[in-house]
Every structure is written in C-alpha cells, then in structure tokens.
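All remarks here apply to the structure that follows.
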Amino acid sequence: MGARLGERQILLGTLPPRGSGREAVKTLRIVLGDQLSAGLSALRDLDPANDIVLMMEVANEGTYVRHHKQKIVLVLSAMRHFAAELRARGIAVDYVALDDPANTGSLTAEIVRAVERHRPTRIAATEPGEWRVLKMAENWQEATGCPVELFADDRFFASRARFAQWAKGRRGWRMEHFYREMRRAHAILMDGDNPVGGDWNFDAENRKKLPAAVTTPARRRFEPDATTRAVMALVERYFDEHFGTLDEFGWPVTRAQALQALDDFIANALPQFGDYQDAMRAGAPFLFHSLIAPPLNLGLLSPHEICAAAEAAFRTGTAPLNAVEGFVRQILGWREYVRGVYWTLMPDYADANALEATRRLPDFYWSGETPMRCLAQAIDQTKRYAYSHHIQRLMVTGNFALLAGIAPREIERWYLAVYADAYEWVEMPNTLGMAVFADGGKMASKPYAASGAYIDRMSDFCGGCAYEVKQKTGPKACPFNYLYWAFLIRQKERLAGNPRMAMPYRTLAGWSPERQAAIVAEAQAFLDRL
C-alpha cells in the first residue's frame, strides 16, 4: 500500500511495468469516493484490456471540514471494497492509498501524477456531486494536458437540467409539487394517472409519538472486516482529533451489505416507519428509519431499486400505504428536490443568510455537554453513530440553531462534518433551506421554529431534563420556550406577513411591550452564557 512510484501497488495486484507487453492506456477512468456504482457513467464503455480506473484517498477530502471519523472510515473502506470488486472483474485499478508516501493529499495533484504514470489518451469521469469538486474537475484538462470528458451523473430520477426546467418561472419551489411530477413521470405508487389510495401525501398520519409499549426492531449492522479494521487504524492515526468515535461502527461498506440493510429495513422497520417517522426516544437512535442514506449516497444502492422495493412491500401487503408513501417521498421527493435546488442555486446559495444570523456555533455541538437533554441526546448519538434521523436534525439541533441565530455557514459546516450520509449537495439545502431558513423561503414556506412543546410531544427527552418544558420563563424554563418567542419578536419585520406564521404573531400582538422586552432579555442572557 505504500509502494514507491515505479513499483506502484494496485489493489489486489500490481500493474505490469511499461515495456512488459501491456498496451498503452487508452482511458484513465476516475471514480470518486461517492461514485461507487458498477453502472457509473464513467465506467460504461470501459475496455479492461486498455483502460485503468483511478481511485484516490486524499487527505484534503477528509479535512476541508473535519469529517466524523466514522464517515471517513465508511468512505475509505467502501472505496477499497469497490476497488477489489473491480479488480475481481479483471479491471486494472490504480489505487492511491492515504498513507502512500508519494500521496500529495490533493485530487488534482494525484490525477496529474496518474497521467504521468500511465500517459492515457483521455480522462473519463462522472460529474462530481459537489460544486467545489466540479470546479476542480473543470481544471483537470489544463492541469494534466490530457483531454477530459465529464459524463452526467445519471444515478438520479431527475437530471440537473430536468429540475432546472421544472423550476424555471416558478415563484416558489415547493417539494410537494416536484414530488407529484416525479411520481407521474416514473409511475411510482400510481394507479394510472392517479395516486394510489387517492391522496398524494399521507404526512398527517405520520406524526405519532412513540408509545412506551412499542418496541423498536434490532437493526442490521455489520461487523468491520479486515479491510475496514485497517482503515479504522489509519483514520485514528491521521484524523485522531476529529469528531466522533469508532467503537460502534457498523455501516455497510459493500453493495452486498447495502442490499442486506435495505432488505432489513423493508421487512422489519418499514411497516411502522410511517406512523413513527417523526418520533424520538432516548437511547433509541435508529427507531424505524431506513439507515440506508449512507450507502445510497456513496452509490452502493440506487434510488430506483429502493423505491421499487418499497412499492413492492405495499403491493404485496407487507407495509401500509402511509409508511411506503412517506418513505418514497424521502427518496423520490426530498432527495431529488434538494439536489435540484443545490445545482440550480450554487454557488451563491452557500452564502444565503436571509435572517442575518451571526452567532458562532456553541461548543456543545461538538462536546454534547449541555443540560438540555434533547440536544445532549441528539449530539451524543451523532458522536457514537455519525447519525441522527431527520426530525432530530430539523427540530432539535436545527431548531436551536435557528432560534439562537447561529450563522448559517457555521451550522451548515457542522452538519456536513458530523453525519455519515452528508454530502454538500444534499446537506446544504436541507440546512440552509429547511433547518435555519437562510434562503428566506426558497425551499420552505415558513421557518421550522418550535418551542419545547413540540419536542415534548414527539419524544421522551423532556423527562429528566434539567429544565421544565412546561415553564415559559424563569431559571428552570425550557430555553426553547423563550428562545422561540424571542426569535419571533426579533424577526417580526421579516416573518409577520407570512400566512403560515399568522397564529403565533396574533398571540404576540396581545403581549405588552414590557412582556416582549422581558422575553428578549431572558433569551439574550441565556445566549450570552453559551
């Protein structure tokens, strides 16, 4: 793995040196860490006799934000397993390991070195999923002097152009409208021209609190094999100061494992996913959620096969419609929608800050040390698993960031760093558009702001908390309560005209200026102590 240039070790084999009878390389095919799909567009016309696949572990990709240790292990282990599978099919893989002494730590610099080694006639790559990497890719031809062909990433239901066409001329971009169009276009959960069951959306049925008597299923996790254990040791050596622990790593790192994880979800969790998808329970990190976003976003699964598996569960009667529709909406709706938002609005979208929030991210987002039990629970499980489900992200860590006025870029970079499934194209719109309303309503029709009552209704977090969720003010009051009202008061000029915010602003209108000032002062005192 650490062989010197000229003796380069290729995963599970060594390329013959030049002059040994091997023909000149025709195409150098680049596979990035989140492109681990056998049907990747850059691999489709591959000639095993003449082409080489280049895969690179580079330090810069682990440190441009300080990614969770489990996230780095997941990506590197999955890359190594994917390279081994390619090699088993007779494909030559030039694999640059993280600890190769000649490794420059940069994608572009490693591609330059690979071109010097192999002298290809062209470079083939699939368009990167993140804006910053696409900007790198657009410079690869100049950097290497070798023609570069970038293929569209067609592993999605909707192309970037398809979304842009849908969005053009619309005053508001609502996911529900896009989702219905995708359902029609791909004939998913449809009866002819109509949605199965007569309704497009069963969200109203999917907001139940999890009763104490309901047990959650044991989930399929995967014991690290020798390859993963080697990567874990490498990550502890190179990224020892990064957030998170590796003790409970159990993510799928191969396509076979990812398919097992999908089967486990469909059989054991999907039937109750709909009812309890918004619920939270202390000590139960996974509940009925799919846990397949990490392998899906790596390319080990396709959204098409996931939606097909979910629909089959409904058609065969093994999962109810509200569960299947709610899950399909996450994949066919939200995932496709946020990708379209990202590519249509970048690069300016990254700097969105419609509410002019400027507060630094509190240290407890990294340490988990806070007397607010809901936040402590969400951050602790994030540290242990590189995972928390969407309601914890939106209505706990995201809600606090919104109410506290944390700078969008700070909380956005945190989400990108700490979750195993987080890639900028999917994470940034969810953070800026949904969690902290930084885009001013481009994605969401209102801010997802809530007091402690919402968290109490959907979880058991408030029991045993240092604060009292029923108290609105005072030293024992849940901070979400006065932060919520102080947020509405601060943002009145921007939000009072929003029809979906009419009810709380009617309540505020009945408060005296003195009462409002006292709420703002209490919130400010709390924030000053962070």
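Scheme for the structure tokens: letters A, B, ... for chains in order shown; per-chain residue numbers from 1; ligand numbers from 1 in order shown.
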*asked:* Which residues are near A:Leu402? Cut-off 9 Å, only C-alpha atoms, ignore same chain within fewer than 4 positions. Put them as JSON, numbers by chain.
replied: {"A": [357, 397, 398, 406, 407, 408, 435, 436, 437, 438, 447, 448, 449, 487]}
*asked:* For A:Val231, find every residue with an atom within 7 Å (counting only C-alpha atoms), except residues of its own chain fewer than 4 positions away, and show them as a VMD selection string.
replied: chain A and resid 73 76 to 77 227 235
Only N, CA, C and O atoms, please: the residues just picked out, written as a compact mmCIF listing (two decimals), in the first residue's frame.
# COMPACT_ATOMS: atom_id res chain seq x y z
N VAL A 73 -14.06 6.56 7.69
CA VAL A 73 -13.90 5.10 7.61
C VAL A 73 -14.86 4.52 6.59
O VAL A 73 -14.48 3.67 5.77
N LEU A 76 -13.64 5.42 2.93
CA LEU A 76 -12.39 4.76 2.52
C LEU A 76 -12.56 3.24 2.45
O LEU A 76 -12.05 2.59 1.53
N SER A 77 -13.26 2.66 3.42
CA SER A 77 -13.46 1.21 3.38
C SER A 77 -14.32 0.82 2.18
O SER A 77 -14.02 -0.16 1.47
N THR A 227 -10.42 -5.34 6.09
CA THR A 227 -10.21 -4.09 5.34
C THR A 227 -10.69 -2.89 6.14
O THR A 227 -9.99 -1.88 6.25
N VAL A 235 -7.46 5.85 10.11
CA VAL A 235 -8.20 7.07 10.47
C VAL A 235 -7.82 7.54 11.86
O VAL A 235 -7.66 8.74 12.10
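Distances from A:Ala401, A:Leu301, A:Leu527, A:Ile306 to A:Val324 were compared using only C-alpha atoms, and the smallest one belongs to A:Ile306.
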*Using only C-alpha atoms, find the one residue out of A:Gly90, A:Pro429, A:Gly340, A:Pro320 that sits nearest to A:Arg413.*
A:Pro429
*Nearest to A:Asp275 by atom-to-atom distance, counting only C-alpha atoms, from A:Leu361, A:Met443, A:Leu259, A:Met458*: A:Met458
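Of the residues listed (A:Ser451, A:Thr144, A:Thr121, A:Asn206), A:Ser451 shows the shortest atom-to-atom separation from A:Tyr482; distances use only C-alpha atoms.
Distances from A:Met175, A:Ala509, A:Ala378, A:Ala420 to A:Leu291 were compared using only C-alpha atoms, and the smallest one belongs to A:Ala420.
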*Within 9 Å of A:Pro217, counting only C-alpha atoms, which residues qualify if same-chain residues fewer than 2 places away don't, as an MDAnalysis selection string?*
chainID A and resid 215 219 268:269 286:288
